[in-house]
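Engineer: The structure follows.
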Amino acid sequence: MCSLATNLLFPSKMKPAFTEKQSTSSLFVTTNNRSKMKNRSAVPVARLFGPAIFEASKLKVSFLGVDEKKHPSKLPRTYTLTHSDITAKLTLAISQSINNSQLQGWANRLFRDEVVAEWKKVKGKMSLHVHCHISGGHFLLDLIAKLRYYIFCKELPVVLKAFVHGDGNLLNSYPELQESPVWVYFHSNIPEYNKVECWGPLWEATQHNHDGKRTRKKCETLPELACPDECKCCFPSVSTIPWSHRHYQHGRGDENENFVGG
């Protein structure tokens, strides 16, 4: 995810490629000591060349109150994925709601580079809803919103592969989940980056090469709303992710209240 540390505010020099060890942590920002004294301009630049590659050896998975093989249409299933700039390792918690303890560190609260996702059943159809915080809540994030959006798009296939690998027993038991559409929500106080994108079925979304060059627009179609009353075709009835999701209007102009959280 986004290693948008404080050194983003210092001049950087883009590197042409990654080594294999760096591929999982492809968002590191480097500073050129020799040029730092010559150029004081605050230009955030990240290493964005080379493919984003998933390495299973760098993934730590924890199951918190969730049966590995329990179908998410019966039990809420949420993914919380964070990244360590120090160890270059990914930590994935699979639980019934966001693993807030995983997000308590000062770095997590400042950089907001976590990715959270949940399985939802709406009108009897399963889908995976992925959420990324682009900007808002801190002025530094606002300054580099475009860069953060680019990085999240580039790294999301790796994130999705981490979900698939970490929850492998579930996907092996229910291979039809690989056909479920992936909806990606980008949360930002800047309208340009506050959007919803459909990345296609899960198996396809993990293979996407979102290099930031293609033009992205809000989806013409949006995720279906769950039934307004208690039913058996929608689960969970209220999002397990307590982020505000006022991205879009649905049909009559009503906001999707099912996504509105604390």
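Residues are named by chain letter and number: chains run A, B, ... in the order of the structure tokens, numbers start at 1 in each chain, and ligands are numbered from 1 in the order shown.
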Could I get the residues of range 152-222 of chain A with an atom no further than 7 Å from an atom of range 60-79 of chain A, each paired with its nearest atom pair and that distance in Å to one decimal, using only C-alpha atoms, sorted by chain and residue number, as a tab-separated table?
Structural biologist:
residue	atom	partner	partner_atom	distance
A:Gly166	CA	A:Val61	CA	6.0
A:Asn169	CA	A:Lys69	CA	6.0
A:Leu170	CA	A:Lys69	CA	4.8
A:Ser173	CA	A:Lys69	CA	6.6
Engineer: With C-alpha atoms retained, could you export that selection as a PDB file, in the first residue's frame?
Structural biologist:
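Saved file result.pdb follows:
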ATOM      1  CA  GLY A 166      -4.804 -15.678   2.801  1.00  0.00           C
ATOM      2  CA  ASN A 169      -9.543 -22.442   2.157  1.00  0.00           C
ATOM      3  CA  LEU A 170     -12.656 -20.362   1.590  1.00  0.00           C
ATOM      4  CA  SER A 173     -14.343 -24.618  -0.778  1.00  0.00           C
TER       5      SER A 173
END
Engineer: Taking only C-alpha atoms into account, which of A:Val115, A:Ile86, A:Leu92, A:Leu160 comes nearest Gln207 in chain A?
Structural biologist: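 The shortest atom-to-atom distance to Gln207 in chain A comes from A:Leu160.
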Engineer: Please provide as number ranges by chain all residues within 12 Å of Ser57 in chain A, with the sequence filter that same-chain residues fewer than 5 positions apart are discarded (counting only C-alpha atoms).
Structural biologist: A: 21, 24, 87-91, 162, 165-166
Engineer: From a backbone DSSP assignment, name each residue in range 75-164 of chain A labelled alpha helix (DSSP H), as a PyMOL selection string.
Structural biologist: chain A and resi 106-111+139-143+145-164
Engineer: Which distance in Å separates CA of Val158 in chain A and CA of Phe54 in chain A, to one decimal?
Structural biologist: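 Computed distance, CA of Val158 in chain A to CA of Phe54 in chain A, equals 5.2 Å.
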Engineer: So that I can see what lies close to range 223-233 of chain A, please list as a VMD selection string the residues with an atom at most 7 Å from it, counting only C-alpha atoms and leaving out residues fewer than 6 positions away in the same chain.
Structural biologist: chain A and resid 121 to 124 256
Engineer: Kindly export the residues of the current selection with N, CA, C and O atoms, as a PDB file, in the first residue's frame.
Structural biologist:
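Contents of result.pdb, freshly written:
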ATOM      1  N   LYS A 121     -23.690 -10.125   0.292  1.00  0.00           N
ATOM      2  CA  LYS A 121     -24.688 -10.785  -0.551  1.00  0.00           C
ATOM      3  C   LYS A 121     -25.856  -9.821  -0.702  1.00  0.00           C
ATOM      4  O   LYS A 121     -26.483  -9.438   0.286  1.00  0.00           O
ATOM      5  N   VAL A 122     -26.107  -9.401  -1.939  1.00  0.00           N
ATOM      6  CA  VAL A 122     -27.199  -8.471  -2.219  1.00  0.00           C
ATOM      7  C   VAL A 122     -28.086  -9.084  -3.294  1.00  0.00           C
ATOM      8  O   VAL A 122     -27.606  -9.455  -4.364  1.00  0.00           O
ATOM      9  N   LYS A 123     -29.354  -9.193  -2.988  1.00  0.00           N
ATOM     10  CA  LYS A 123     -30.323  -9.814  -3.901  1.00  0.00           C
ATOM     11  C   LYS A 123     -29.847 -11.214  -4.314  1.00  0.00           C
ATOM     12  O   LYS A 123     -30.007 -11.638  -5.455  1.00  0.00           O
ATOM     13  N   GLY A 124     -29.214 -11.906  -3.375  1.00  0.00           N
ATOM     14  CA  GLY A 124     -28.781 -13.274  -3.619  1.00  0.00           C
ATOM     15  C   GLY A 124     -27.463 -13.410  -4.345  1.00  0.00           C
ATOM     16  O   GLY A 124     -26.985 -14.530  -4.574  1.00  0.00           O
ATOM     17  N   ASN A 256     -27.162   5.895  -0.422  1.00  0.00           N
ATOM     18  CA  ASN A 256     -27.093   4.499  -0.033  1.00  0.00           C
ATOM     19  C   ASN A 256     -26.829   4.407   1.456  1.00  0.00           C
ATOM     20  O   ASN A 256     -25.698   4.332   1.901  1.00  0.00           O
TER      21      ASN A 256
END
Engineer: What is the distance between CA of Trp199 in chain A and CA of Asn100 in chain A, in Å to one decimal?
Structural biologist: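 Going from CA of Trp199 in chain A over to CA of Asn100 in chain A, I get 26.5 Å.
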Engineer: I want to know what sits within 12 Å of Glu176 in chain A, based on only C-alpha atoms, with residues of the same chain fewer than 3 positions away left out; could you give that as a PyMOL selection string?
Structural biologist: chain A and resi 71+125-127+170-173+179-181+201-203
Engineer: Please provide the set of residues having any atom within 7 Å of Trp183 in chain A, restricted to only C-alpha atoms, with same-chain residues fewer than 3 positions apart removed, written as a ChimeraX atom specification.
Structural biologist: /A:128-130,196-199
Engineer: Interatomic distance between CA of Thr221 in chain A and CA of Ser237 in chain A?
Structural biologist: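 Those two atoms sit 20.8 Å apart.
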Engineer: Hey, what's within 10 Å of His138 in chain A if we count only C-alpha atoms and toss same-chain stuff fewer than 2 positions away? As a ChimeraX atom specification, please?
Structural biologist: /A:109-112,135-136,140-143
Engineer: Kindly save the residues from that selection, with all heavy atoms included, as a short mmCIF file (atom, residue, chain, number, x, y, z; two decimals), in the first residue's frame.
Structural biologist:
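Result file part12.cif:
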data_model
loop_
_atom_site.label_atom_id
_atom_site.label_comp_id
_atom_site.auth_asym_id
_atom_site.auth_seq_id
_atom_site.Cartn_x
_atom_site.Cartn_y
_atom_site.Cartn_z
N ARG A 109 -2.50 5.62 11.51
CA ARG A 109 -3.46 6.71 11.63
C ARG A 109 -3.06 7.90 10.78
O ARG A 109 -3.92 8.65 10.30
CB ARG A 109 -3.58 7.14 13.10
CG ARG A 109 -4.22 6.08 14.00
CD ARG A 109 -4.69 6.70 15.31
NE ARG A 109 -3.59 7.25 16.08
CZ ARG A 109 -2.91 6.58 17.00
NH1 ARG A 109 -3.23 5.32 17.26
NH2 ARG A 109 -1.93 7.15 17.67
N LEU A 110 -1.76 8.09 10.57
CA LEU A 110 -1.30 9.24 9.79
C LEU A 110 -1.35 8.95 8.29
O LEU A 110 -1.86 9.75 7.51
CB LEU A 110 0.13 9.60 10.19
CG LEU A 110 0.80 10.73 9.40
CD1 LEU A 110 0.02 12.03 9.59
CD2 LEU A 110 2.25 10.90 9.82
N PHE A 111 -0.83 7.78 7.88
CA PHE A 111 -0.69 7.51 6.46
C PHE A 111 -1.94 6.92 5.82
O PHE A 111 -2.13 7.04 4.62
CB PHE A 111 0.50 6.57 6.21
CG PHE A 111 1.78 7.07 6.80
CD1 PHE A 111 2.70 6.18 7.36
CD2 PHE A 111 2.09 8.42 6.82
CE1 PHE A 111 3.88 6.64 7.91
CE2 PHE A 111 3.26 8.88 7.36
CZ PHE A 111 4.18 7.99 7.91
N ARG A 112 -2.79 6.27 6.63
CA ARG A 112 -4.04 5.68 6.14
C ARG A 112 -3.80 4.84 4.89
O ARG A 112 -4.47 4.98 3.87
CB ARG A 112 -5.06 6.78 5.84
CG ARG A 112 -5.53 7.59 7.03
CD ARG A 112 -6.17 6.73 8.09
NE ARG A 112 -7.23 5.89 7.57
CZ ARG A 112 -8.50 6.29 7.44
NH1 ARG A 112 -8.83 7.52 7.83
NH2 ARG A 112 -9.41 5.48 6.98
N SER A 135 -7.81 10.60 0.59
CA SER A 135 -7.50 11.87 1.25
C SER A 135 -8.65 12.27 2.15
O SER A 135 -9.74 11.71 2.10
CB SER A 135 -7.22 12.96 0.21
OG SER A 135 -8.38 13.21 -0.57
N GLY A 136 -8.36 13.30 2.97
CA GLY A 136 -9.34 13.74 3.95
C GLY A 136 -8.87 13.38 5.34
O GLY A 136 -8.31 12.29 5.55
N LEU A 140 -1.81 16.70 4.65
CA LEU A 140 -0.76 16.07 3.84
C LEU A 140 -1.37 15.10 2.83
O LEU A 140 -0.89 15.01 1.69
CB LEU A 140 0.23 15.33 4.75
CG LEU A 140 1.16 16.20 5.60
CD1 LEU A 140 2.04 15.31 6.48
CD2 LEU A 140 2.02 17.10 4.72
N LEU A 141 -2.40 14.38 3.25
CA LEU A 141 -3.05 13.45 2.33
C LEU A 141 -3.73 14.20 1.20
O LEU A 141 -3.76 13.73 0.06
CB LEU A 141 -4.07 12.59 3.09
CG LEU A 141 -3.55 11.76 4.27
CD1 LEU A 141 -4.64 10.86 4.80
CD2 LEU A 141 -2.33 10.94 3.86
N ASP A 142 -4.26 15.37 1.51
CA ASP A 142 -4.90 16.18 0.48
C ASP A 142 -3.89 16.62 -0.58
O ASP A 142 -4.20 16.65 -1.77
CB ASP A 142 -5.56 17.42 1.09
CG ASP A 142 -6.63 17.06 2.11
OD1 ASP A 142 -7.06 15.90 2.12
OD2 ASP A 142 -7.03 17.95 2.89
N LEU A 143 -2.68 16.94 -0.15
CA LEU A 143 -1.66 17.43 -1.07
C LEU A 143 -1.21 16.37 -2.06
O LEU A 143 -0.81 16.68 -3.18
CB LEU A 143 -0.44 17.93 -0.28
CG LEU A 143 -0.63 19.20 0.55
CD1 LEU A 143 0.62 19.49 1.35
CD2 LEU A 143 -0.99 20.39 -0.33
#
Engineer: Here is a test: counting only C-alpha atoms, which residue of A:Ala52, A:Ile190, A:Ser95, A:Val116 is nearest to His131 in chain A?
Structural biologist: A:Val116
Engineer: Nearest to Ile241 in chain A: which of A:Leu177, A:Ala145, A:Ile98, A:Leu81 is it, counting only C-alpha atoms?
Structural biologist: A:Ile98
